[in-house]
>>> print(open('upload_31.txt').read())   # compact mmCIF, C-alpha atoms and all ligand atoms
# COMPACT_ATOMS: atom_id res chain seq x y z
CA MET A 190 -16.01 -39.29 -20.91
CA HIS A 191 -16.81 -40.09 -17.30
CA GLY A 192 -19.70 -40.85 -14.97
CA LYS A 193 -21.59 -37.67 -14.23
CA THR A 194 -23.37 -36.79 -11.03
CA SER A 195 -26.76 -35.32 -11.75
CA ALA A 196 -28.92 -32.72 -10.14
CA GLY A 197 -31.30 -35.58 -9.34
CA PRO A 198 -34.85 -35.12 -8.12
CA LYS A 199 -33.69 -32.58 -5.54
CA GLY A 200 -31.90 -30.51 -8.17
CA HIS A 201 -33.22 -27.00 -8.63
CA PRO A 202 -33.06 -26.03 -12.29
CA HIS A 203 -32.83 -22.33 -11.52
CA GLU A 204 -29.95 -20.01 -10.88
CA VAL A 205 -28.21 -20.21 -7.56
CA PRO A 206 -29.20 -17.16 -5.53
CA GLY A 207 -26.55 -14.91 -4.07
CA MET A 208 -24.47 -14.11 -7.12
CA LYS A 209 -25.98 -12.47 -10.14
CA GLY A 210 -24.45 -13.62 -13.34
CA GLY A 211 -23.37 -12.27 -16.66
CA LYS A 212 -23.64 -8.68 -17.68
CA GLU A 213 -26.32 -7.34 -15.40
CA GLN A 214 -26.62 -7.06 -11.66
CA ALA A 215 -29.82 -7.10 -9.62
CA HIS A 216 -32.36 -4.33 -10.36
CA GLY A 217 -31.10 -4.05 -13.93
CA LYS A 218 -28.15 -1.89 -12.87
CA LYS A 219 -24.92 -2.36 -14.74
CA LYS A 220 -22.46 -4.31 -12.63
CA VAL A 221 -19.21 -2.59 -11.79
CA TRP A 222 -16.33 -5.06 -11.92
CA LEU A 223 -13.42 -4.34 -9.61
CA PRO A 224 -10.31 -6.37 -8.83
CA ARG A 225 -10.28 -7.76 -5.29
CA LEU A 226 -7.09 -9.76 -5.69
CA ILE A 227 -4.14 -9.31 -8.03
CA ALA A 228 -1.34 -11.87 -8.27
CA TRP A 229 1.76 -10.07 -9.39
CA GLU A 230 4.72 -12.08 -10.60
CA LEU A 231 7.46 -9.65 -9.60
CA THR A 232 10.17 -11.86 -11.03
CA ARG A 233 10.28 -15.24 -12.67
CA SER A 234 13.69 -16.02 -11.13
CA CYS A 235 13.41 -18.80 -8.60
CA ASN A 236 15.67 -20.87 -6.40
CA LEU A 237 13.44 -23.95 -6.68
CA ASP A 238 12.72 -26.12 -9.73
CA CYS A 239 9.24 -27.47 -9.02
CA ILE A 240 7.97 -30.24 -11.19
CA HIS A 241 4.53 -28.60 -11.69
CA CYS A 242 5.51 -24.91 -11.92
CA ARG A 243 3.04 -22.98 -14.07
CA ALA A 244 5.78 -20.42 -14.79
CA ALA A 245 8.40 -23.07 -15.62
CA ALA A 246 10.60 -20.79 -13.49
CA ARG A 247 14.39 -21.11 -13.49
CA PHE A 248 17.13 -19.39 -11.52
CA GLY A 249 17.35 -16.65 -14.14
CA PRO A 250 17.99 -13.78 -14.37
CA TYR A 251 15.21 -13.05 -16.84
CA PRO A 252 15.65 -10.12 -19.22
CA ASN A 253 13.21 -7.25 -19.53
CA GLU A 254 11.46 -7.61 -16.16
CA LEU A 255 9.51 -4.58 -14.91
CA THR A 256 11.77 -1.85 -13.53
CA THR A 257 11.30 -0.33 -10.08
CA GLU A 258 9.70 2.77 -11.64
CA GLU A 259 7.29 0.65 -13.67
CA CYS A 260 6.35 -1.32 -10.55
CA LEU A 261 5.65 1.80 -8.51
CA ALA A 262 3.61 3.33 -11.35
CA PHE A 263 1.58 0.11 -11.64
CA LEU A 264 0.73 0.28 -7.94
CA ASP A 265 -0.29 3.95 -8.30
CA ASP A 266 -2.60 3.02 -11.15
CA VAL A 267 -4.17 0.08 -9.26
CA ALA A 268 -4.78 2.25 -6.19
CA SER A 269 -6.33 4.97 -8.35
CA PHE A 270 -9.45 2.89 -9.03
CA SER A 271 -9.50 -0.06 -6.63
CA ASP A 272 -8.07 -1.49 -3.42
CA PRO A 273 -7.32 -5.16 -4.04
CA ILE A 274 -5.06 -7.44 -2.06
CA MET A 275 -1.74 -7.49 -3.93
CA ILE A 276 -0.04 -10.90 -3.89
CA MET A 277 3.64 -10.37 -4.61
CA THR A 278 4.67 -13.66 -6.09
CA GLY A 279 7.17 -15.24 -8.45
CA GLY A 280 9.32 -17.17 -8.97
CA GLU A 281 10.84 -15.98 -5.73
CA PRO A 282 9.76 -12.36 -5.21
CA MET A 283 12.49 -11.90 -2.60
CA MET A 284 15.11 -12.28 -5.34
CA ARG A 285 14.34 -8.69 -6.36
CA ASP A 286 16.57 -6.10 -4.66
CA ASP A 287 13.80 -3.51 -4.71
CA ILE A 288 11.16 -5.75 -3.12
CA TRP A 289 11.07 -3.68 0.10
CA GLU A 290 10.63 -0.39 -1.76
CA ILE A 291 7.81 -1.86 -3.87
CA ALA A 292 6.02 -3.42 -0.88
CA LYS A 293 6.35 -0.22 1.16
CA HIS A 294 4.95 1.85 -1.70
CA GLY A 295 1.90 -0.42 -1.92
CA THR A 296 1.40 -0.25 1.84
CA ASP A 297 1.67 3.55 1.77
CA LEU A 298 -1.02 3.62 -0.91
CA GLY A 299 -3.29 1.71 1.46
CA LEU A 300 -3.16 -1.59 -0.42
CA ARG A 301 -3.03 -4.85 1.51
CA MET A 302 0.32 -6.31 0.46
CA VAL A 303 0.98 -10.05 0.89
CA MET A 304 3.84 -12.16 -0.44
CA ALA A 305 4.52 -15.73 -1.60
CA PRO A 306 8.20 -16.49 -0.97
CA CYS A 307 9.69 -19.97 -1.39
CA GLY A 308 11.29 -20.30 2.05
CA PHE A 309 15.07 -20.17 1.75
CA LEU A 310 15.26 -16.36 1.99
CA VAL A 311 13.00 -15.89 5.02
CA THR A 312 15.48 -15.48 7.88
CA GLU A 313 14.60 -13.87 11.19
CA GLU A 314 16.06 -10.63 9.86
CA THR A 315 14.13 -10.62 6.58
CA ALA A 316 10.95 -11.69 8.41
CA ARG A 317 11.31 -8.49 10.45
CA LYS A 318 11.84 -6.50 7.28
CA ILE A 319 8.69 -8.06 5.79
CA MET A 320 6.73 -6.79 8.80
CA GLU A 321 8.42 -3.38 8.66
CA VAL A 322 7.32 -2.66 5.07
CA GLY A 323 3.76 -3.55 6.02
CA ILE A 324 3.39 -6.96 4.35
CA LYS A 325 0.42 -8.48 6.16
CA ARG A 326 0.82 -12.17 5.40
CA VAL A 327 3.16 -14.56 3.63
CA SER A 328 2.31 -17.90 2.06
CA PHE A 329 4.52 -20.97 1.84
CA SER A 330 3.97 -24.06 -0.24
CA ILE A 331 3.97 -27.47 1.41
CA ASP A 332 3.31 -30.22 -1.13
CA GLY A 333 4.11 -33.29 0.92
CA ALA A 334 3.69 -34.45 4.51
CA THR A 335 7.35 -35.41 4.67
CA ALA A 336 10.62 -33.83 3.56
CA GLU A 337 11.12 -36.62 1.05
CA SER A 338 7.77 -36.18 -0.65
CA HIS A 339 7.95 -32.35 -0.68
CA ASP A 340 11.55 -32.20 -1.92
CA ASN A 341 10.80 -34.67 -4.73
CA PHE A 342 8.07 -32.34 -5.93
CA ARG A 343 10.11 -29.15 -5.52
CA ARG A 344 13.22 -30.90 -6.89
CA VAL A 345 15.63 -29.23 -4.46
CA ASP A 346 17.05 -31.01 -1.42
CA GLY A 347 16.38 -29.10 1.77
CA ALA A 348 13.30 -27.28 0.39
CA PHE A 349 11.01 -28.76 3.09
CA ALA A 350 13.50 -27.92 5.86
CA SER A 351 13.78 -24.36 4.52
CA VAL A 352 10.01 -23.86 4.75
CA MET A 353 9.98 -25.22 8.32
CA LYS A 354 12.78 -22.80 9.23
CA ALA A 355 11.05 -19.89 7.45
CA ILE A 356 7.84 -20.61 9.39
CA GLU A 357 9.78 -20.68 12.65
CA ASN A 358 11.25 -17.27 11.77
CA CYS A 359 7.81 -15.85 10.96
CA LYS A 360 6.51 -17.05 14.30
CA LYS A 361 9.44 -15.47 16.14
CA VAL A 362 8.57 -12.04 14.79
CA GLY A 363 4.78 -12.50 14.84
CA LEU A 364 4.30 -12.58 11.06
CA GLU A 365 1.08 -14.24 9.88
CA PHE A 366 1.45 -17.07 7.35
CA GLN A 367 -0.69 -19.43 5.29
CA VAL A 368 0.16 -22.66 3.50
CA ASN A 369 -0.64 -23.58 -0.11
CA THR A 370 -0.59 -27.18 -1.33
CA THR A 371 -0.81 -28.32 -4.93
CA ILE A 372 -2.73 -31.57 -5.18
CA SER A 373 -2.14 -34.24 -7.77
CA LYS A 374 -1.89 -38.03 -7.73
CA HIS A 375 1.53 -37.78 -6.07
CA ASN A 376 0.20 -36.48 -2.77
CA LEU A 377 -3.55 -37.13 -2.76
CA HIS A 378 -3.13 -39.90 -0.17
CA GLU A 379 -1.10 -37.54 2.06
CA LEU A 380 -3.72 -34.80 2.24
CA PRO A 381 -5.05 -35.50 5.75
CA ARG A 382 -1.48 -35.63 7.07
CA ILE A 383 -0.55 -32.39 5.27
CA LEU A 384 -3.60 -30.67 6.78
CA GLU A 385 -2.64 -31.99 10.22
CA LEU A 386 0.88 -30.60 9.76
CA VAL A 387 -0.40 -27.21 8.61
CA ILE A 388 -2.65 -26.96 11.69
CA LYS A 389 0.23 -27.99 13.97
CA LEU A 390 2.47 -25.34 12.44
CA GLY A 391 -0.10 -22.67 13.35
CA ALA A 392 -0.98 -21.38 9.87
CA LYS A 393 -3.83 -18.88 9.55
CA ALA A 394 -5.09 -20.58 6.41
CA HIS A 395 -4.61 -23.63 4.22
CA HIS A 396 -5.30 -23.26 0.51
CA PRO A 397 -5.16 -26.52 -1.42
CA PHE A 398 -4.66 -25.84 -5.16
CA LEU A 399 -5.78 -28.41 -7.70
CA LEU A 400 -3.08 -29.03 -10.29
CA VAL A 401 -3.50 -27.09 -13.54
CA PRO A 402 -1.48 -28.74 -16.32
CA THR A 403 0.24 -25.65 -17.63
CA GLY A 404 3.91 -24.55 -17.76
CA ARG A 405 6.06 -27.43 -16.53
CA GLY A 406 2.80 -28.84 -15.20
CA SER A 407 1.70 -29.56 -18.77
CA GLU A 408 3.93 -32.62 -18.60
CA LEU A 409 1.86 -33.82 -15.66
CA LYS A 410 -1.52 -34.36 -17.32
CA ASP A 411 -1.35 -37.99 -16.18
CA GLN A 412 -0.90 -36.75 -12.60
CA GLU A 413 -4.30 -35.04 -12.57
CA ILE A 414 -6.62 -36.90 -10.26
CA SER A 415 -9.68 -38.36 -11.99
CA PRO A 416 -12.97 -36.39 -12.10
CA GLU A 417 -14.45 -38.90 -9.64
CA ASP A 418 -11.53 -38.40 -7.23
CA TYR A 419 -11.96 -34.64 -7.65
CA GLU A 420 -15.54 -34.99 -6.53
CA LYS A 421 -14.52 -37.10 -3.52
CA THR A 422 -11.67 -34.77 -2.58
CA LEU A 423 -13.76 -31.62 -2.85
CA THR A 424 -16.50 -33.29 -0.80
CA TRP A 425 -13.87 -34.13 1.84
CA PHE A 426 -12.79 -30.45 1.83
CA TYR A 427 -16.40 -29.45 2.35
CA GLU A 428 -16.77 -31.85 5.28
CA MET A 429 -13.54 -30.60 6.88
CA ARG A 430 -14.20 -26.88 6.46
CA ASP A 431 -15.84 -26.29 9.83
CA LYS A 432 -13.86 -28.94 11.70
CA VAL A 433 -10.48 -27.22 11.36
CA PRO A 434 -9.16 -24.24 13.35
CA LEU A 435 -8.04 -22.29 10.28
CA GLN A 436 -9.45 -20.92 7.07
CA PHE A 437 -9.58 -23.88 4.68
CA LYS A 438 -10.13 -22.68 1.15
CA PRO A 439 -9.79 -24.89 -1.91
CA THR A 440 -8.33 -22.70 -4.64
CA CYS A 441 -8.65 -23.05 -8.39
CA ALA A 442 -11.03 -25.94 -7.82
CA PRO A 443 -14.16 -24.02 -8.83
CA HIS A 444 -16.69 -26.81 -8.48
CA TYR A 445 -15.91 -26.89 -4.77
CA TYR A 446 -18.38 -24.00 -4.54
CA ARG A 447 -21.05 -26.14 -6.22
CA ILE A 448 -20.37 -29.00 -3.79
CA PHE A 449 -20.44 -26.56 -0.87
CA ARG A 450 -23.85 -25.22 -1.89
CA GLN A 451 -25.24 -28.68 -2.66
CA GLY A 452 -24.11 -29.82 0.81
CA GLU A 453 -25.66 -26.87 2.62
CA ARG A 454 -28.88 -27.23 0.62
CA GLU A 455 -29.15 -30.88 1.61
CA LYS A 456 -28.93 -29.74 5.24
CA GLY A 457 -31.68 -27.20 4.53
CA ILE A 458 -29.30 -24.25 4.99
CA THR A 459 -29.34 -21.21 2.71
CA VAL A 460 -25.93 -19.77 1.97
CA THR A 461 -25.80 -16.04 2.71
CA PRO A 462 -22.96 -13.65 3.62
CA GLN A 463 -24.52 -13.39 7.09
CA THR A 464 -24.40 -17.14 7.70
CA HIS A 465 -21.30 -18.07 5.71
CA GLY A 466 -19.16 -14.92 5.52
CA LEU A 467 -16.57 -14.91 2.75
CA ASP A 468 -17.52 -18.41 1.58
CA ALA A 469 -20.86 -17.03 0.43
CA MET A 470 -19.25 -14.18 -1.49
CA SER A 471 -16.36 -16.11 -3.00
CA LYS A 472 -16.71 -17.65 -6.39
CA GLY A 473 -14.94 -20.68 -7.82
CA CYS A 474 -13.12 -19.07 -10.71
CA MET A 475 -12.65 -15.35 -10.20
CA GLY A 476 -10.25 -14.88 -13.12
CA GLY A 477 -11.00 -11.66 -15.00
CA GLN A 478 -13.93 -10.94 -12.67
CA SER A 479 -12.37 -10.01 -9.35
CA PHE A 480 -8.93 -11.49 -9.91
CA ALA A 481 -6.13 -10.81 -12.38
CA PHE A 482 -2.51 -11.72 -12.90
CA VAL A 483 0.36 -9.50 -14.04
CA SER A 484 3.51 -11.19 -15.29
CA HIS A 485 7.16 -10.32 -14.70
CA VAL A 486 7.22 -8.39 -17.99
CA GLY A 487 3.87 -6.67 -17.46
CA LYS A 488 1.51 -8.94 -19.41
CA VAL A 489 -1.98 -9.10 -17.96
CA GLN A 490 -3.81 -12.45 -17.75
CA ILE A 491 -7.02 -13.65 -16.09
CA CYS A 492 -4.76 -15.75 -13.85
CA GLY A 493 -1.27 -17.19 -13.79
CA PHE A 494 -2.49 -20.50 -15.15
CA LEU A 495 -3.95 -19.24 -18.43
CA GLU A 496 -1.28 -17.60 -20.54
CA THR A 497 -3.65 -15.86 -22.94
CA GLU A 498 -2.57 -12.20 -23.00
CA CYS A 499 -5.28 -9.72 -22.05
CA GLY A 500 -3.10 -6.60 -22.21
CA ASP A 501 0.32 -5.18 -21.43
CA ILE A 502 0.82 -2.59 -18.68
CA ARG A 503 3.79 -1.20 -20.60
CA LYS A 504 1.42 -0.16 -23.38
CA GLU A 505 -1.79 0.60 -21.51
CA PRO A 506 -2.56 1.21 -17.82
CA PHE A 507 -3.91 -1.80 -15.94
CA SER A 508 -7.02 0.21 -15.01
CA SER A 509 -7.89 0.52 -18.68
CA ILE A 510 -7.09 -3.12 -19.52
CA TRP A 511 -9.30 -4.21 -16.63
CA ASN A 512 -12.28 -2.45 -18.18
CA THR A 513 -11.70 -3.05 -21.87
CA SER A 514 -10.00 -6.44 -22.34
CA GLU A 515 -12.13 -8.67 -24.55
CA VAL A 516 -10.96 -11.78 -22.67
CA PHE A 517 -11.99 -10.24 -19.35
CA LYS A 518 -15.39 -9.45 -20.83
CA GLN A 519 -15.73 -13.08 -21.94
CA MET A 520 -14.89 -14.26 -18.42
CA ARG A 521 -17.67 -12.08 -17.00
CA ALA A 522 -20.30 -13.44 -19.39
CA TRP A 523 -20.59 -16.96 -18.02
CA ASP A 524 -23.88 -17.61 -19.79
CA ASP A 525 -21.69 -17.84 -22.90
CA TYR A 526 -19.37 -20.53 -21.54
CA LYS A 527 -19.60 -23.69 -23.60
CA GLY A 528 -21.07 -27.06 -22.67
CA ARG A 529 -22.47 -27.64 -19.21
CA CYS A 530 -20.64 -24.65 -17.69
CA GLY A 531 -22.76 -22.28 -19.83
CA TYR A 532 -26.12 -23.39 -18.43
CA CYS A 533 -25.35 -25.16 -15.17
CA GLU A 534 -27.38 -23.83 -12.22
CA TYR A 535 -24.09 -23.29 -10.40
CA ARG A 536 -22.30 -21.35 -13.13
CA SER A 537 -22.45 -18.07 -11.23
CA VAL A 538 -20.77 -19.53 -8.13
CA CYS A 539 -18.46 -21.96 -9.91
CA GLY A 540 -17.68 -21.14 -13.52
CA GLY A 541 -15.35 -24.10 -14.07
CA CYS A 542 -11.62 -23.65 -14.46
CA ARG A 543 -10.98 -21.75 -17.69
CA ALA A 544 -7.26 -22.64 -17.60
CA ARG A 545 -7.96 -26.36 -17.26
CA ALA A 546 -10.52 -26.14 -20.06
CA TYR A 547 -7.84 -24.49 -22.20
CA ALA A 548 -5.16 -27.03 -21.27
CA PHE A 549 -7.39 -29.92 -22.29
CA THR A 550 -9.30 -28.49 -25.27
CA GLY A 551 -7.38 -25.42 -26.49
CA ASP A 552 -10.50 -23.28 -25.80
CA TYR A 553 -10.82 -21.41 -22.49
CA MET A 554 -14.58 -21.03 -22.99
CA GLU A 555 -15.11 -24.82 -23.00
CA GLU A 556 -16.68 -26.73 -20.11
CA GLU A 557 -14.55 -27.73 -17.11
CA PRO A 558 -13.14 -31.16 -17.98
CA PHE A 559 -12.93 -32.33 -14.37
CA CYS A 560 -16.50 -31.78 -13.22
CA THR A 561 -18.90 -34.72 -12.99
CA TYR A 562 -22.03 -32.66 -12.43
CA GLU A 563 -24.95 -32.93 -14.83
CA PRO A 564 -27.15 -29.81 -14.59
CA GLY A 565 -30.84 -30.30 -13.88
CA GLU A 566 -33.37 -30.71 -16.65
CA GLY A 567 -34.47 -27.39 -17.95
CA ALA A 568 -31.28 -25.57 -16.98
CA LYS A 569 -30.32 -25.15 -20.62
CA ARG A 570 -33.81 -23.95 -21.58
CA ALA A 571 -33.74 -21.44 -18.70
CA ARG A 572 -30.37 -20.08 -19.83
CA ASP A 573 -31.50 -19.79 -23.46
CA LEU A 574 -34.67 -17.97 -22.42
CA LYS A 575 -32.60 -15.57 -20.30
CA LYS A 576 -30.30 -14.86 -23.24
CA LYS A 577 -33.27 -14.33 -25.57
CA LYS A 578 -34.85 -11.85 -23.15
CA ALA A 579 -31.54 -10.02 -22.73
CA ALA A 580 -31.14 -9.79 -26.52
CA GLN A 581 -34.64 -8.29 -26.79
CA GLY A 582 -33.58 -5.66 -24.23
C1 LIG A 601 1.26 -17.72 -5.57
S1 LIG A 601 1.89 -19.29 -6.11
C2 LIG A 601 3.27 -19.38 -5.10
C3 LIG A 601 4.57 -19.16 -5.80
C4 LIG A 601 5.75 -19.67 -5.03
N1 LIG A 601 6.93 -19.42 -5.78
C5 LIG A 601 5.65 -21.15 -4.70
O1 LIG A 601 5.54 -21.98 -5.60
O2 LIG A 601 5.65 -21.45 -3.54
C6 LIG A 601 0.63 -20.22 -5.32
C7 LIG A 601 0.61 -21.70 -5.53
O3 LIG A 601 0.47 -22.05 -6.89
C8 LIG A 601 1.01 -23.32 -7.01
N2 LIG A 601 1.22 -23.73 -8.41
C9 LIG A 601 2.25 -23.47 -9.23
N3 LIG A 601 2.09 -24.07 -10.41
C10 LIG A 601 0.91 -24.74 -10.35
C11 LIG A 601 0.16 -25.55 -11.27
N4 LIG A 601 0.61 -25.81 -12.48
N5 LIG A 601 -1.03 -26.04 -10.85
C12 LIG A 601 -1.51 -25.77 -9.62
N6 LIG A 601 -0.86 -25.02 -8.71
C13 LIG A 601 0.33 -24.51 -9.07
C14 LIG A 601 2.30 -23.22 -6.21
O4 LIG A 601 2.78 -24.48 -5.84
C15 LIG A 601 1.85 -22.41 -5.03
O5 LIG A 601 1.50 -23.24 -3.96
S1 LIG A 602 -20.86 -27.92 -14.91
FE1 LIG A 602 -19.32 -26.24 -14.91
S2 LIG A 602 -20.37 -24.56 -13.81
FE2 LIG A 602 -21.50 -26.47 -13.31
S3 LIG A 602 -20.59 -27.25 -11.42
FE3 LIG A 602 -19.53 -28.24 -13.15
S4 LIG A 602 -17.73 -26.95 -13.54
FE4 LIG A 602 -19.17 -25.75 -12.34
S1 LIG A 603 -9.00 -20.24 -14.66
FE1 LIG A 603 -9.93 -19.68 -12.72
S2 LIG A 603 -10.08 -21.56 -11.50
FE2 LIG A 603 -8.68 -21.93 -13.22
S3 LIG A 603 -6.63 -21.55 -12.43
FE3 LIG A 603 -7.34 -19.61 -13.32
S4 LIG A 603 -8.37 -18.46 -11.67
FE4 LIG A 603 -8.10 -20.61 -11.02
>>> encode(input="upload_31.txt", output="structure tokens")
Amino acid sequence: MHGKTSAGPKGHPHEVPGMKGGKEQAHGKKKVWLPRLIAWELTRSCNLDCIHCRAAARFGPYPNELTTEECLAFLDDVASFSDPIMIMTGGEPMMRDDIWEIAKHGTDLGLRMVMAPCGFLVTEETARKIMEVGIKRVSFSIDGATAESHDNFRRVDGAFASVMKAIENCKKVGLEFQVNTTISKHNLHELPRILELVIKLGAKAHHPFLLVPTGRGSELKDQEISPEDYEKTLTWFYEMRDKVPLQFKPTCAPHYYRIFRQGEREKGITVTPQTHGLDAMSKGCMGGQSFAFVSHVGKVQICGFLETECGDIRKEPFSSIWNTSEVFKQMRAWDDYKGRCGYCEYRSVCGGCRARAYAFTGDYMEEEPFCTYEPGEGAKRARDLKKKKAAQG
């Protein structure tokens, strides 16, 4: 399908140290899986109409969204067994009247509450309210270096200006913010300028997302950058990571973590939590492993980009779905992923994007379609041997 980069003579056909894969953890102990991050679509209603939106969100209102009581009970359940960061997202989460009550409840339970508003509703007054209910950080999306490019993508005039104003309001009240950018062919050439803008604005972090062709984005398959451009772009991210004064974290671009480790290895550096902090502990795709998504009507998914239902919090508590969902179990058994992703030396730090695999093949266990890496010789044999040993107990 495309030219593949190979492990080459320097490739190490063994598992990447640092993250133990599959069903077992080091020392044969059973791994305990806990959510570290939950994206919670509090409403699908939205005041933007973005061309790529995974939720295909409209102004709404949407029927049957979770009630205040259901939201508070969900938070109680999450806090009863874990303490993840809760991303209150949408649509536009601020279109819910009870947003402050929900956020405050999460804060009171000791959860780190963060929010992803669209911009228009963040006035100086609401920015203060955000701080008051204990929301620790907000994220805004900037998808173009200019108003014209951003507004074309978000399909609402004034969207760029509203984000600039919202950021100004956050700064006035001392509210921390980060910027997310979805990358596709439309803005690939603008990336350095977008990063420059994000730094100038004073964001704490910049998370570039790689387009996943789902929701309205499914019409944009031709806007996906080529696998070779992916490789170049992710390599550029890797080169920039310690040159910028903010946290720069490619998101939903799992093979970034392979490129990151390949780069450090070439420099003779071993990646450990001591030397690389969160970067060493993060994994490319965390869906179903330390990350989950809950929809506006309570459906649980591995992430917002893969619509496969893993449970429904109206029928079963999230804590139980987290431990029993068959799809979640499949996500945690990466030795069983198909194609290269099932035996690649980097599968435990990358995993490939399951949603992109699904969008292109109809099977979320398939190999990541946008990775050019060819695992080292023997990687498949090593995986098969591991599976055989595990089967023998
Ligand atoms: C938590 S969502 C933020 C939701 C918020 N309403 C917004 O769009 O700004 C995080 C990021 O996912 C991005 N996103 C939405 N649909 C996407 C898709 N199909 N592929 C990749 N990223 C997508 C959004 O642009 C946003 O930057
Ligand atoms: S082959 Fe799959 S697991 Fe390996 S680097 Fe590529 S996407 Fe990641
Ligand atoms: S499957 Fe994984 S990498 Fe892909 S969009 Fe979902 S969480 Fe991100």
>>> residues_around(input="upload_31.txt", residues="Asp501 (chain A)", least_positions_apart="4", cutoff="9 Å", atoms="all atoms listed in the file", output="ChimeraX atom specification")
/A:483,486-489,505-507,510
>>> residues_near_point(input="upload_31.txt", point="(-8.6, -23.9, 9.1)", cutoff="9 Å", atoms="only C-alpha atoms", output="PyMOL selection string")
chain A and resi 384+387-388+392-395+429-438
>>> closest_atom_pairs(input="upload_31.txt", of="chain A", to="ligand LIG 603 (chain A)", cutoff="7 Å", atoms="only C-alpha atoms and all ligand atoms", output="tab-separated table")
residue	atom	partner	partner_atom	distance
A:Val401	CA	A:LIG603	S3	6.5
A:Thr440	CA	A:LIG603	FE4	6.7
A:Cys441	CA	A:LIG603	FE4	3.6
A:Ala442	CA	A:LIG603	S2	5.8
A:Pro443	CA	A:LIG603	S2	5.5
A:Gly473	CA	A:LIG603	S2	6.2
A:Cys474	CA	A:LIG603	FE1	3.8
A:Met475	CA	A:LIG603	S4	5.5
A:Gly476	CA	A:LIG603	S4	4.3
A:Ile491	CA	A:LIG603	FE3	6.6
A:Cys492	CA	A:LIG603	FE3	4.7
A:Gly493	CA	A:LIG603	FE3	6.6
A:Phe494	CA	A:LIG603	S3	5.1
A:Leu495	CA	A:LIG603	FE3	6.1
A:Gly541	CA	A:LIG603	S2	6.4
A:Cys542	CA	A:LIG603	FE2	3.6
A:Arg543	CA	A:LIG603	S1	3.9
A:Ala544	CA	A:LIG603	S1	4.2
A:Arg545	CA	A:LIG603	FE2	6.0
>>> residues_around(input="upload_31.txt", residues="Pro397 (chain A)", least_positions_apart="5", cutoff="6 Å", atoms="all atoms listed in the file", output="VMD selection string")
chain A and resid 369 to 371 439 to 440
>>> residues_near_ligand(input="upload_31.txt", ligand="ligand LIG 601 (chain A)", cutoff="6 Å", atoms="only C-alpha atoms and all ligand atoms", output="number ranges by chain")
A: 241-243, 278-281, 305-307, 329-330, 369-371, 398-403, 406
>>> closest_residue(input="upload_31.txt", among="A:Thr256, A:Thr513, A:Thr296, A:Ser415", to="Pro558 (chain A)", atoms="all atoms listed in the file")
A:Ser415
>>> residues_near_ligand(input="upload_31.txt", ligand="ligand LIG 602 (chain A)", cutoff="6 Å", atoms="all atoms listed in the file", output="PyMOL selection string")
chain A and resi 444+447+529-530+533+535-536+539-541+556-557+560+562
>>> closest_residue(input="upload_31.txt", among="A:Glu314, A:Tyr532, A:Ser373, A:Glu413", to="Glu563 (chain A)", atoms="all atoms listed in the file")
A:Tyr532
>>> closest_residue(input="upload_31.txt", among="A:Cys235, A:Val311, A:Phe482, A:Ala246", to="Met277 (chain A)", atoms="only C-alpha atoms")
A:Phe482
>>> atom_distance(input="upload_31.txt", atom1="CA of Glu321 (chain A)", atom2="CA of Leu390 (chain A)")
23.1 Å
>>> residues_around(input="upload_31.txt", residues="Pro252 (chain A)", least_positions_apart="2", cutoff="12 Å", atoms="only C-alpha atoms", output="PyMOL selection string")
chain A and resi 232-234+249-250+254-256+485-486
>>> closest_residue(input="upload_31.txt", among="A:Leu467, A:Leu264, A:Leu380, A:Ile227", to="Ser338 (chain A)", atoms="all atoms listed in the file")
A:Leu380
>>> closest_residue(input="upload_31.txt", among="A:His378, A:Arg301, A:Arg521, A:Arg343", to="Val327 (chain A)", atoms="all atoms listed in the file")
A:Arg301
>>> residues_around(input="upload_31.txt", residues="Met520 (chain A)", least_positions_apart="2", cutoff="8 Å", atoms="only C-alpha atoms", output="PyMOL selection string")
chain A and resi 476-478+516-518+522-523
>>> write_last_selection(input="upload_31.txt", atoms="C-alpha atoms", output="PDB file, keeping the file's coordinate frame")
ATOM      1  CA  GLY A 476     -10.250 -14.880 -13.120  1.00  0.00           C
ATOM      2  CA  GLY A 477     -11.000 -11.660 -15.000  1.00  0.00           C
ATOM      3  CA  GLN A 478     -13.930 -10.940 -12.670  1.00  0.00           C
ATOM      4  CA  VAL A 516     -10.960 -11.780 -22.670  1.00  0.00           C
ATOM      5  CA  PHE A 517     -11.990 -10.240 -19.350  1.00  0.00           C
ATOM      6  CA  LYS A 518     -15.390  -9.450 -20.830  1.00  0.00           C
ATOM      7  CA  ALA A 522     -20.300 -13.440 -19.390  1.00  0.00           C
ATOM      8  CA  TRP A 523     -20.590 -16.960 -18.020  1.00  0.00           C
TER       9      TRP A 523
END
